[in-house]
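Visitor: My file is coords-v1.pdb. It has PDB, C-alpha atoms:
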MODEL        1
ATOM      1  CA  MET A 226     -25.667  27.274  48.245
ATOM      2  CA  THR A 227     -23.871  24.630  46.278
ATOM      3  CA  LEU A 228     -23.696  24.886  42.522
ATOM      4  CA  SER A 229     -23.674  21.566  40.776
ATOM      5  CA  ILE A 230     -22.625  21.218  37.199
ATOM      6  CA  LYS A 231     -23.769  18.194  35.268
ATOM      7  CA  PRO A 232     -21.013  16.703  33.205
ATOM      8  CA  GLN A 233     -21.764  16.647  29.497
ATOM      9  CA  LEU A 234     -22.395  13.096  28.413
ATOM     10  CA  LYS A 235     -20.731  12.050  25.216
ATOM     11  CA  PRO A 236     -23.181  10.605  22.724
ATOM     12  CA  SER A 237     -22.558   7.074  21.559
ATOM     13  CA  LEU A 238     -21.834   6.324  17.921
ATOM     14  CA  GLU A 239     -25.271   4.723  17.633
ATOM     15  CA  GLU A 240     -26.919   7.870  19.035
ATOM     16  CA  PHE A 241     -24.935  10.036  16.643
ATOM     17  CA  LEU A 242     -25.988   7.957  13.636
ATOM     18  CA  LYS A 243     -29.667   8.451  14.575
ATOM     19  CA  LEU A 244     -29.330  12.251  14.469
ATOM     20  CA  PRO A 245     -30.473  14.111  11.353
ATOM     21  CA  GLU A 246     -27.730  14.822   8.830
ATOM     22  CA  THR A 247     -26.298  18.335   8.833
ATOM     23  CA  LYS A 248     -25.052  20.466   5.958
ATOM     24  CA  PRO A 249     -22.157  20.511   5.840
ATOM     25  CA  ALA A 250     -21.786  17.050   7.333
ATOM     26  CA  SER A 251     -20.892  16.356  10.945
ATOM     27  CA  GLU A 252     -18.399  13.725  12.018
ATOM     28  CA  TYR A 253     -18.140  11.583  15.137
ATOM     29  CA  ILE A 254     -14.605  11.272  16.498
ATOM     30  CA  ASP A 255     -13.737  10.050  19.988
ATOM     31  CA  GLY A 256     -17.224  10.717  21.351
ATOM     32  CA  LYS A 257     -17.321  14.257  19.979
ATOM     33  CA  ILE A 258     -19.433  15.630  17.162
ATOM     34  CA  SER A 259     -17.907  18.275  14.923
ATOM     35  CA  GLN A 260     -19.239  19.837  11.767
ATOM     36  CA  LYS A 261     -17.059  20.100   8.687
ATOM     37  CA  PRO A 262     -16.599  23.571   7.195
ATOM     38  CA  MET A 263     -18.507  24.595   4.085
ATOM     39  CA  PRO A 264     -16.269  23.950   1.047
ATOM     40  CA  GLN A 265     -15.042  27.011  -0.788
ATOM     41  CA  GLY A 266     -13.992  27.509  -4.414
ATOM     42  CA  LYS A 267     -10.553  25.904  -4.559
ATOM     43  CA  HIS A 268     -11.591  23.033  -2.318
ATOM     44  CA  SER A 269     -14.721  22.376  -4.346
ATOM     45  CA  LEU A 270     -12.962  22.466  -7.723
ATOM     46  CA  LEU A 271     -10.121  20.188  -6.606
ATOM     47  CA  GLN A 272     -12.641  17.746  -5.142
ATOM     48  CA  THR A 273     -14.771  17.733  -8.309
ATOM     49  CA  GLU A 274     -11.825  17.289 -10.672
ATOM     50  CA  LEU A 275     -10.185  14.519  -8.638
ATOM     51  CA  VAL A 276     -13.399  12.505  -8.377
ATOM     52  CA  SER A 277     -13.975  12.916 -12.104
ATOM     53  CA  VAL A 278     -10.472  11.759 -13.062
ATOM     54  CA  ILE A 279     -10.468   8.818 -10.648
ATOM     55  CA  ASN A 280     -13.898   7.671 -11.839
ATOM     56  CA  GLN A 281     -12.922   7.999 -15.520
ATOM     57  CA  LEU A 282     -10.117   5.523 -14.816
ATOM     58  CA  GLY A 283     -11.770   3.281 -12.239
ATOM     59  CA  LYS A 284     -15.473   3.115 -13.005
ATOM     60  CA  PRO A 285     -15.693   1.708 -16.575
ATOM     61  CA  PRO A 286     -13.475  -1.312 -15.831
ATOM     62  CA  LYS A 287     -15.166  -1.633 -12.400
ATOM     63  CA  ILE A 288     -11.955  -1.440 -10.391
ATOM     64  CA  ALA A 289     -12.529   1.623  -8.185
ATOM     65  CA  LEU A 290     -15.156   4.233  -7.367
ATOM     66  CA  ALA A 291     -14.563   7.709  -5.906
ATOM     67  CA  LEU A 292     -17.358   9.338  -3.905
ATOM     68  CA  THR A 293     -17.568  12.804  -2.365
ATOM     69  CA  GLU A 294     -18.676  13.551   1.192
ATOM     70  CA  LEU A 295     -19.554   9.896   1.880
ATOM     71  CA  ARG A 296     -20.158   8.904   5.490
ATOM     72  CA  CYS A 297     -17.805   6.027   6.357
ATOM     73  CA  THR A 298     -18.449   4.459   9.767
ATOM     74  CA  PHE A 299     -15.743   2.157  11.089
ATOM     75  CA  ALA A 300     -13.643   1.452  14.172
ATOM     76  CA  GLY A 301     -15.896   3.518  16.432
ATOM     77  CA  ARG A 302     -15.827   6.673  14.302
ATOM     78  CA  SER A 303     -18.048   8.117  11.610
ATOM     79  CA  LEU A 304     -15.993  10.156   9.160
ATOM     80  CA  VAL A 305     -16.969  12.054   6.033
ATOM     81  CA  PRO A 306     -13.850  12.299   3.855
ATOM     82  CA  ASP A 307     -13.776  14.891   1.112
ATOM     83  CA  ILE A 308     -13.190  11.936  -1.220
ATOM     84  CA  ALA A 309     -13.501   8.261  -0.332
ATOM     85  CA  VAL A 310     -12.279   5.757  -2.919
ATOM     86  CA  PHE A 311     -13.324   2.127  -2.710
ATOM     87  CA  GLU A 312     -11.965  -0.742  -4.727
ATOM     88  CA  TRP A 313     -14.893  -2.230  -6.653
ATOM     89  CA  PRO A 314     -15.290  -5.535  -4.766
ATOM     90  CA  ARG A 315     -15.543  -3.604  -1.458
ATOM     91  CA  ILE A 316     -18.430  -1.330  -2.497
ATOM     92  CA  PRO A 317     -21.439  -2.365  -0.408
ATOM     93  CA  VAL A 318     -24.617  -3.166  -2.327
ATOM     94  CA  ASP A 319     -28.211  -3.566  -1.186
ATOM     95  CA  GLU A 320     -30.643  -6.418  -1.884
ATOM     96  CA  ASN A 321     -31.359  -4.914  -5.353
ATOM     97  CA  GLY A 322     -27.708  -4.936  -6.363
ATOM     98  CA  GLU A 323     -27.571  -1.128  -6.106
ATOM     99  CA  ILE A 324     -24.956   0.803  -4.171
ATOM    100  CA  ALA A 325     -25.834   0.784  -0.478
ATOM    101  CA  ASN A 326     -26.647   3.979   1.377
ATOM    102  CA  ARG A 327     -24.573   3.055   4.427
ATOM    103  CA  PHE A 328     -20.864   2.421   4.206
ATOM    104  CA  GLU A 329     -19.778   0.726   7.403
ATOM    105  CA  SER A 330     -16.179   0.267   6.395
ATOM    106  CA  HIS A 331     -12.958   2.165   5.805
ATOM    107  CA  PRO A 332     -12.236   3.596   2.361
ATOM    108  CA  ASP A 333      -9.300   2.124   0.466
ATOM    109  CA  TRP A 334      -8.091   5.646  -0.298
ATOM    110  CA  ILE A 335      -8.989   8.760   1.691
ATOM    111  CA  ILE A 336      -8.411  12.211   0.235
ATOM    112  CA  GLU A 337      -8.739  15.341   2.358
ATOM    113  CA  ILE A 338      -8.441  18.873   0.997
ATOM    114  CA  LEU A 339      -7.562  21.477   3.604
ATOM    115  CA  SER A 340     -10.098  24.292   3.905
ATOM    116  CA  PRO A 341      -8.909  27.714   5.141
ATOM    117  CA  GLU A 342     -10.735  27.435   8.485
ATOM    118  CA  GLN A 343      -9.690  23.854   9.256
ATOM    119  CA  PHE A 344      -7.008  22.798  11.680
ATOM    120  CA  PRO A 345      -4.448  20.800   9.662
ATOM    121  CA  ASN A 346      -3.627  18.377  12.487
ATOM    122  CA  ARG A 347      -7.291  17.403  12.920
ATOM    123  CA  VAL A 348      -7.564  16.614   9.220
ATOM    124  CA  ILE A 349      -4.270  14.707   9.260
ATOM    125  CA  ASN A 350      -5.499  12.780  12.306
ATOM    126  CA  LYS A 351      -8.478  11.515  10.248
ATOM    127  CA  ILE A 352      -6.112  10.221   7.583
ATOM    128  CA  ILE A 353      -3.785   8.583  10.128
ATOM    129  CA  PHE A 354      -6.744   6.936  11.884
ATOM    130  CA  SER A 355      -7.970   5.571   8.562
ATOM    131  CA  ILE A 356      -4.514   4.239   7.648
ATOM    132  CA  GLN A 357      -4.332   2.542  11.066
ATOM    133  CA  HIS A 358      -7.658   0.849  10.246
ATOM    134  CA  LYS A 359      -6.858  -0.736   6.874
ATOM    135  CA  THR A 360      -7.060   2.235   4.504
ATOM    136  CA  LYS A 361      -4.297   1.697   1.934
ATOM    137  CA  LEU A 362      -3.607   5.285   0.924
ATOM    138  CA  GLY A 363      -4.244   8.820   2.152
ATOM    139  CA  TRP A 364      -3.719  12.216   0.576
ATOM    140  CA  PHE A 365      -3.727  15.531   2.433
ATOM    141  CA  ILE A 366      -3.973  18.322  -0.145
ATOM    142  CA  ASP A 367      -2.953  21.849   0.848
ATOM    143  CA  ALA A 368      -3.884  24.352  -1.887
ATOM    144  CA  ASN A 369      -2.058  27.219  -0.143
ATOM    145  CA  ASP A 370       1.223  25.302  -0.048
ATOM    146  CA  LYS A 371       0.557  23.565  -3.402
ATOM    147  CA  SER A 372       1.528  20.285  -1.787
ATOM    148  CA  VAL A 373       0.161  16.810  -1.234
ATOM    149  CA  MET A 374       1.158  14.797   1.817
ATOM    150  CA  VAL A 375       0.952  11.077   1.044
ATOM    151  CA  PHE A 376       0.203   8.528   3.777
ATOM    152  CA  GLN A 377       0.706   4.776   3.460
ATOM    153  CA  PRO A 378       0.673   1.998   6.045
ATOM    154  CA  ASN A 379       3.949   1.411   7.904
ATOM    155  CA  GLN A 380       5.668   4.409   6.277
ATOM    156  CA  LEU A 381       6.380   7.967   7.265
ATOM    157  CA  PRO A 382       4.280  10.486   5.322
ATOM    158  CA  GLU A 383       5.905  12.125   2.300
ATOM    159  CA  VAL A 384       5.248  15.682   1.162
ATOM    160  CA  LYS A 385       5.141  16.047  -2.612
ATOM    161  CA  TYR A 386       5.460  19.224  -4.691
ATOM    162  CA  ASP A 387       5.504  20.363  -8.319
ATOM    163  CA  ASN A 388       6.493  17.547 -10.693
ATOM    164  CA  ASP A 389       6.562  14.830  -8.050
ATOM    165  CA  ILE A 390       4.502  11.815  -9.090
ATOM    166  CA  LEU A 391       1.821  10.886  -6.586
ATOM    167  CA  THR A 392       1.180   7.399  -5.261
ATOM    168  CA  VAL A 393      -2.237   6.062  -6.322
ATOM    169  CA  LEU A 394      -4.105   2.850  -5.545
ATOM    170  CA  ASP A 395      -2.434  -0.198  -7.073
ATOM    171  CA  VAL A 396      -5.665  -1.223  -8.844
ATOM    172  CA  LEU A 397      -5.402   1.946 -10.969
ATOM    173  CA  GLY A 398      -2.377   0.425 -12.704
ATOM    174  CA  ASP A 399       0.273   2.689 -14.112
ATOM    175  CA  TRP A 400      -1.759   5.920 -13.879
ATOM    176  CA  GLN A 401       0.516   8.807 -13.057
ATOM    177  CA  LEU A 402      -0.567  12.136 -11.637
ATOM    178  CA  ARG A 403       1.802  14.936 -10.702
ATOM    179  CA  VAL A 404       1.186  17.449  -7.940
ATOM    180  CA  ALA A 405       1.378  20.219 -10.561
ATOM    181  CA  ASP A 406      -1.421  18.521 -12.534
ATOM    182  CA  ILE A 407      -3.762  18.784  -9.555
ATOM    183  CA  PHE A 408      -3.090  22.452  -8.920
ATOM    184  CA  SER A 409      -3.273  23.326 -12.635
ATOM    185  CA  TRP A 410      -7.043  22.661 -12.357
ATOM    186  CA  LEU A 411      -7.341  25.810 -10.247
ATOM    187  CA  LYS A 412      -6.402  28.088 -13.181
ATOM    188  CA  LEU A 413      -9.457  29.072 -15.180
ATOM    189  CA  ASN A 414      -7.695  30.905 -18.017
TER
ENDMDL
END
Would you mind giving the structure from this file in structure tokens?
Guide:
Amino acid sequence: MTLSIKPQLKPSLEEFLKLPETKPASEYIDGKISQKPMPQGKHSLLQTELVSVINQLGKPPKIALALTELRCTFAGRSLVPDIAVFEWPRIPVDENGEIANRFESHPDWIIEILSPEQFPNRVINKIIFSIQHKTKLGWFIDANDKSVMVFQPNQLPEVKYDNDILTVLDVLGDWQLRVADIFSWLKLN
């Protein structure tokens, strides 16, 4: 008796996008579907605070908008960054002039916050892929190490600690944020 094993077919990006959304979100990378971990306390607070600060600076003058857990489909992948920041002119709108539901483009700035059960290299790979496909800036935040790794096109990544000033999108002007500022949000007393 011969045992035959059918090879698993990889779904196409189009097939993936037709599937129902999952909670937490699933991503499509290199023909594989993987679900993001459920955010925990530190991750959630850092994500909330960063989006709030970026939008306080970028939204009123209509220069940038930060969005959480937004599906960004580009270059054959469908990623859901913890935070995706778009410069205002690149935000897709629908026929009513409202923000579109589908973002079929790279973010200008991708921010990923490492969760305890994530593999760091997989998260870093998402940032590198985005930078290779026109994203201008990437941050990889590690709450355990109290560090932020900064990615920019055509440069080696830099790891920042403590009072190091972080690189932000050029459209945000002379805004300065230190690594210590980010991690100070974790203290509740």
Visitor: Quick one: of A:Leu271, A:Leu394, A:Leu295, A:Val310, who's nearest to A:Ser340, counting all atoms listed in the file?
Guide: A:Leu271
Visitor: Name the residues that the PyMOL selection byres ((chain A and resi 300-305) around 8) pulls out of this structure, and write them as a list in words.
Guide: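 With the shown file as input, the PyMOL selection byres ((chain A and resi 300-305) around 8) matches Leu238, Ala250, Ser251, Glu252, Tyr253, Ile254, Asp255, Glu294, Leu295, Arg296, Cys297, Thr298, Phe299, Pro306, Asp307, Lys351 and His358 of chain A.
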Visitor: Run the PyMOL selection byres ((chain A and resi 362-378) around 8) against the file shown and list the residues it catches, as a ChimeraX atom specification.
Guide: /A:267-268,333-339,348-349,352-353,356-357,360-361,379-387,391-394,404-405,408
Visitor: Which residues are near A:Pro236? Cut-off 8 Å, only C-alpha atoms, ignore same chain within fewer than 2 positions. Put them as a JSON list (two decimals) with C-alpha atoms, in the coordinates of the input.
Guide:
[["chain", "number", "residue", "atom", "x", "y", "z"],
["A", 234, "LEU", "CA", -22.40, 13.10, 28.41],
["A", 238, "LEU", "CA", -21.83, 6.32, 17.92],
["A", 240, "GLU", "CA", -26.92, 7.87, 19.04],
["A", 241, "PHE", "CA", -24.94, 10.04, 16.64],
["A", 256, "GLY", "CA", -17.22, 10.72, 21.35],
["A", 257, "LYS", "CA", -17.32, 14.26, 19.98]]
Visitor: Work out how far apart atom CA of A:Pro249 and atom CA of A:Gln272 are and give it in Å to one decimal.
Guide: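 Computing the Euclidean distance for atom CA of A:Pro249 and atom CA of A:Gln272 yields 14.8 Å.
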Visitor: Take atom CA of A:Met263 and atom CA of A:Ile308 and report the distance between them in Å, one decimal.
Guide: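 Taking atom CA of A:Met263 as the start and atom CA of A:Ile308 as the end point, the length is 14.7 Å.
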Visitor: Kindly indicate which residue among A:Leu292, A:Val318, A:Ala325, A:Leu282 lies nearest to A:Trp400, using all atoms listed in the file for the distances.
Guide: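 Closest to A:Trp400, using all atoms listed in the file: A:Leu282.
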Visitor: To one decimal place, how far is atom CA of A:Leu411 from atom CA of A:Phe344 in Å?
Guide: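 Between these atoms lies a distance of 22.1 Å.
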